[in-house]
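Written below as structure tokens is the structure these notes are about.
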Amino acid sequence: MKTKIKTVLIYNTLMLVLAFGLVACGVQEIYTKDTSEEQNDEKFDKRKDRRDAQFLVNAAEIYMEEIGLAKLAQEKGTTSPIKELGRTMEQDHQNSQDELTSLAKRKKITIPNTITDQGDDSYRLLHQKTGDDFNESYVKLMVEKHEDAISLFDKASDKCKDKQIREWAGSKLVVLRRDLAAANNCLTQLEND
């Protein structure tokens with residue numbers, strides 16, 4: 001009987017320590033893209049508000065994917081320009097992601113904080129490649145992804161209802177276009193080698 005009480009007491013003590021430890025470490029809830037969209041649909045009654053929230057969800061998805069791919073480029077890239085492009089992409093997109101997280105928090109918009117299946121698929125496909133094949137695939141993917149992102153941000157900078165979201169989207173176009181130009185320059189260098 002004493003052993004059973006001791007076991008229960010130790011278990012309960014460990015559970016309390018674990019619970020306090022998790023709170024102290026600031027463990028946050030994980031939001032997927034689907035979870036974020038569901039929560040935003042519940043929060044916002046107006047269609048325009050939901051559209052603004054959806055833009056921030058999509059932007060977060062883009063940034064998280066590109067940060068992961070940029071880290072991979074720094075690890076697997078075989079030339080200095082590819083590694084440098086990866087560093088630039090990681091830094092630019094991490095800064096933008098930090099701004100986005102702050103903006104979403106101020107607007108009470110839930111954004112994903114975990115990579116989507118699509119982003120994970122891109123990472124896995126690229127991770128399988130090596131050497132010149134990796135370099136070329138990464139650069140082509142960055143050109144494609146940045147063209148898509150520019151289209152999305154351009155539309156948001158014109159159509160978002162919320163002025164701060166609209167202005168933020170417009171300010172990010174400069175960075176996205178600069179990164180697209182860098183990716184295109186890398187692609188040209190690869191094609192000329």
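Scheme for the structure tokens: letters A, B, ... for chains in order shown; per-chain residue numbers from 1; ligand numbers from 1 in order shown.
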Exercise: Leu103 (chain A) partners within 12 Å, only C-alpha atoms, chain neighbours under 6 positions left out, as a PyMOL selection string: chain A and resi 52-53+56-57+59-60+96-97+109-111+162-169
Take the residues that were just selected and, keeping C-alpha atoms, output them as an mmCIF file, in the first residue's frame.
```cif
data_model
loop_
_atom_site.group_PDB
_atom_site.id
_atom_site.type_symbol
_atom_site.label_atom_id
_atom_site.label_comp_id
_atom_site.auth_asym_id
_atom_site.auth_seq_id
_atom_site.Cartn_x
_atom_site.Cartn_y
_atom_site.Cartn_z
ATOM 1 C CA ASP A 52 -7.289 40.021 -45.102
ATOM 2 C CA ALA A 53 -6.760 37.225 -42.554
ATOM 3 C CA LEU A 56 -1.671 36.781 -43.708
ATOM 4 C CA VAL A 57 -2.144 33.012 -43.426
ATOM 5 C CA ALA A 59 2.061 34.908 -46.386
ATOM 6 C CA ALA A 60 3.087 32.945 -43.280
ATOM 7 C CA SER A 96 9.431 39.466 -42.854
ATOM 8 C CA GLN A 97 8.026 36.515 -40.881
ATOM 9 C CA ILE A 109 -5.392 37.047 -36.742
ATOM 10 C CA THR A 110 -4.261 33.467 -36.272
ATOM 11 C CA ILE A 111 -1.445 32.428 -38.617
ATOM 12 C CA ASP A 162 -7.125 46.917 -43.453
ATOM 13 C CA LYS A 163 -4.771 49.828 -44.137
ATOM 14 C CA GLN A 164 -1.874 48.436 -42.063
ATOM 15 C CA ILE A 165 -2.055 45.042 -43.775
ATOM 16 C CA ARG A 166 -2.288 46.725 -47.175
ATOM 17 C CA GLU A 167 0.751 48.923 -46.455
ATOM 18 C CA TRP A 168 2.744 46.027 -45.023
ATOM 19 C CA ALA A 169 2.049 43.937 -48.131
#
```
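Proximity of A:Leu173, A:Ile150, A:Ala104, A:Met89 to Leu69 (chain A), computed with only C-alpha atoms, is greatest for A:Met89.
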Residue nearest Asp133 (chain A) among A:Lys33, A:His146, A:Lys76, A:Lys155 (counting only C-alpha atoms): A:Lys76
Based on DSSP run over this structure's backbone, return all residues of chain A in alpha helix (DSSP H), as a ChimeraX atom specification. /A:2-24,33-43,47-76,80-107,117-127,131-159,163-192
Residues as selected, C-alpha atoms, written as a short mmCIF file (atom, residue, chain, number, x, y, z; two decimals), in the first residue's frame, can you do that?
```cif
data_model
loop_
_atom_site.label_atom_id
_atom_site.label_comp_id
_atom_site.auth_asym_id
_atom_site.auth_seq_id
_atom_site.Cartn_x
_atom_site.Cartn_y
_atom_site.Cartn_z
CA LYS A 2 2.85 2.40 0.91
CA THR A 3 4.55 1.65 -2.40
CA LYS A 4 1.36 2.45 -4.32
CA ILE A 5 0.93 5.76 -2.47
CA LYS A 6 4.59 6.62 -3.08
CA THR A 7 4.21 5.83 -6.78
CA VAL A 8 1.09 7.98 -7.08
CA LEU A 9 2.78 10.81 -5.15
CA ILE A 10 5.90 10.66 -7.34
CA TYR A 11 3.78 10.53 -10.50
CA ASN A 12 1.69 13.53 -9.44
CA THR A 13 4.81 15.47 -8.47
CA LEU A 14 6.42 14.74 -11.84
CA MET A 15 3.27 15.81 -13.68
CA LEU A 16 3.21 19.11 -11.77
CA VAL A 17 6.89 19.72 -12.49
CA LEU A 18 6.31 18.95 -16.17
CA ALA A 19 3.29 21.24 -16.34
CA PHE A 20 5.17 24.12 -14.70
CA GLY A 21 8.17 23.44 -16.92
CA LEU A 22 6.08 23.67 -20.07
CA VAL A 23 4.51 26.92 -18.94
CA ALA A 24 7.90 28.35 -17.95
CA LYS A 33 -2.85 26.36 -41.91
CA ASP A 34 -6.25 24.64 -41.58
CA THR A 35 -6.52 25.43 -37.87
CA SER A 36 -5.59 29.07 -38.51
CA GLU A 37 -8.19 29.38 -41.26
CA GLU A 38 -10.90 27.84 -39.07
CA GLN A 39 -10.13 30.16 -36.16
CA ASN A 40 -10.12 33.22 -38.41
CA ASP A 41 -13.45 32.21 -39.97
CA GLU A 42 -14.91 32.07 -36.45
CA LYS A 43 -13.43 35.47 -35.47
CA ARG A 47 -15.92 38.69 -45.90
CA LYS A 48 -13.28 41.41 -46.36
CA ASP A 49 -11.88 40.80 -42.87
CA ARG A 50 -11.64 37.08 -43.63
CA ARG A 51 -9.86 37.87 -46.92
CA ASP A 52 -7.29 40.02 -45.10
CA ALA A 53 -6.76 37.22 -42.55
CA GLN A 54 -6.38 34.69 -45.37
CA PHE A 55 -3.68 36.82 -46.96
CA LEU A 56 -1.67 36.78 -43.71
CA VAL A 57 -2.14 33.01 -43.43
CA ASN A 58 -0.88 32.56 -46.99
CA ALA A 59 2.06 34.91 -46.39
CA ALA A 60 3.09 32.95 -43.28
CA GLU A 61 2.93 29.73 -45.29
CA ILE A 62 5.20 31.22 -47.96
CA TYR A 63 7.75 32.56 -45.49
CA MET A 64 8.03 29.36 -43.47
CA GLU A 65 8.52 27.28 -46.60
CA GLU A 66 11.14 29.60 -48.05
CA ILE A 67 13.06 29.84 -44.75
CA GLY A 68 13.30 26.04 -44.65
CA LEU A 69 14.39 25.86 -48.29
CA ALA A 70 16.94 28.63 -47.75
CA LYS A 71 18.52 26.72 -44.87
CA LEU A 72 18.67 23.66 -47.10
CA ALA A 73 20.41 25.70 -49.83
CA GLN A 74 23.06 26.80 -47.36
CA GLU A 75 23.62 23.17 -46.38
CA LYS A 76 23.48 21.45 -49.78
CA SER A 80 29.10 30.28 -53.26
CA PRO A 81 26.26 32.08 -55.15
CA ILE A 82 23.75 29.36 -54.14
CA LYS A 83 24.84 29.42 -50.51
CA GLU A 84 24.73 33.24 -50.51
CA LEU A 85 21.27 33.21 -52.09
CA GLY A 86 20.16 30.85 -49.33
CA ARG A 87 21.57 33.16 -46.63
CA THR A 88 19.87 36.18 -48.18
CA MET A 89 16.55 34.37 -48.53
CA GLU A 90 16.66 33.10 -44.96
CA GLN A 91 17.47 36.52 -43.53
CA ASP A 92 14.93 38.41 -45.64
CA HIS A 93 12.12 35.95 -45.05
CA GLN A 94 12.84 35.56 -41.34
CA ASN A 95 12.69 39.34 -40.90
CA SER A 96 9.43 39.47 -42.85
CA GLN A 97 8.03 36.52 -40.88
CA ASP A 98 8.83 38.30 -37.62
CA GLU A 99 7.03 41.43 -38.84
CA LEU A 100 4.11 39.31 -40.03
CA THR A 101 3.80 37.57 -36.67
CA SER A 102 3.71 40.92 -34.89
CA LEU A 103 1.14 42.35 -37.32
CA ALA A 104 -1.08 39.27 -37.06
CA LYS A 105 -0.94 39.44 -33.26
CA ARG A 106 -1.98 43.11 -33.27
CA LYS A 107 -4.86 42.31 -35.64
CA ASP A 117 2.24 19.71 -46.32
CA GLN A 118 2.97 21.55 -49.57
CA GLY A 119 6.03 23.21 -48.04
CA ASP A 120 7.15 19.92 -46.57
CA ASP A 121 6.79 18.24 -49.98
CA SER A 122 8.92 20.92 -51.64
CA TYR A 123 11.58 20.45 -48.98
CA ARG A 124 11.61 16.65 -49.34
CA LEU A 125 11.83 16.78 -53.14
CA LEU A 126 14.67 19.29 -53.04
CA HIS A 127 16.47 17.45 -50.25
CA GLY A 131 25.21 18.81 -56.77
CA ASP A 132 24.31 20.79 -59.86
CA ASP A 133 20.85 19.23 -59.92
CA PHE A 134 20.18 20.64 -56.44
CA ASN A 135 21.54 24.08 -57.35
CA GLU A 136 19.44 24.37 -60.49
CA SER A 137 16.29 23.00 -58.85
CA TYR A 138 16.60 25.36 -55.89
CA VAL A 139 17.11 28.46 -58.02
CA LYS A 140 14.25 27.60 -60.38
CA LEU A 141 11.99 26.96 -57.40
CA MET A 142 12.95 30.33 -55.89
CA VAL A 143 12.13 32.11 -59.15
CA GLU A 144 8.75 30.37 -59.35
CA LYS A 145 7.90 30.89 -55.66
CA HIS A 146 8.87 34.57 -55.74
CA GLU A 147 6.84 35.25 -58.88
CA ASP A 148 3.82 33.70 -57.15
CA ALA A 149 4.48 35.62 -53.92
CA ILE A 150 4.82 38.93 -55.79
CA SER A 151 1.46 38.33 -57.45
CA LEU A 152 -0.17 37.58 -54.08
CA PHE A 153 1.41 40.56 -52.27
CA ASP A 154 0.69 42.93 -55.17
CA LYS A 155 -2.99 42.02 -55.05
CA ALA A 156 -3.05 42.37 -51.24
CA SER A 157 -1.33 45.76 -51.37
CA ASP A 158 -4.22 46.96 -53.53
CA LYS A 159 -7.23 45.02 -52.22
CA LYS A 163 -4.77 49.83 -44.14
CA GLN A 164 -1.87 48.44 -42.06
CA ILE A 165 -2.06 45.04 -43.77
CA ARG A 166 -2.29 46.72 -47.17
CA GLU A 167 0.75 48.92 -46.46
CA TRP A 168 2.74 46.03 -45.02
CA ALA A 169 2.05 43.94 -48.13
CA GLY A 170 3.21 46.82 -50.33
CA SER A 171 6.40 47.27 -48.32
CA LYS A 172 7.29 43.58 -48.72
CA LEU A 173 7.08 43.81 -52.52
CA VAL A 174 10.45 45.59 -52.58
CA VAL A 175 12.11 42.70 -50.75
CA LEU A 176 10.36 40.02 -52.81
CA ARG A 177 11.36 41.70 -56.08
CA ARG A 178 14.95 42.06 -54.91
CA ASP A 179 15.04 38.38 -53.96
CA LEU A 180 13.51 37.42 -57.32
CA ALA A 181 16.23 39.41 -59.10
CA ALA A 182 18.91 37.63 -57.03
CA ALA A 183 17.41 34.23 -57.91
CA ASN A 184 17.26 35.17 -61.60
CA ASN A 185 20.92 36.28 -61.48
CA CYS A 186 21.90 32.93 -59.96
CA LEU A 187 19.91 31.12 -62.63
CA THR A 188 21.69 33.09 -65.37
CA GLN A 189 25.08 32.23 -63.82
CA LEU A 190 24.17 28.53 -63.68
CA GLU A 191 23.04 28.54 -67.30
CA ASN A 192 26.24 30.27 -68.45
#
```
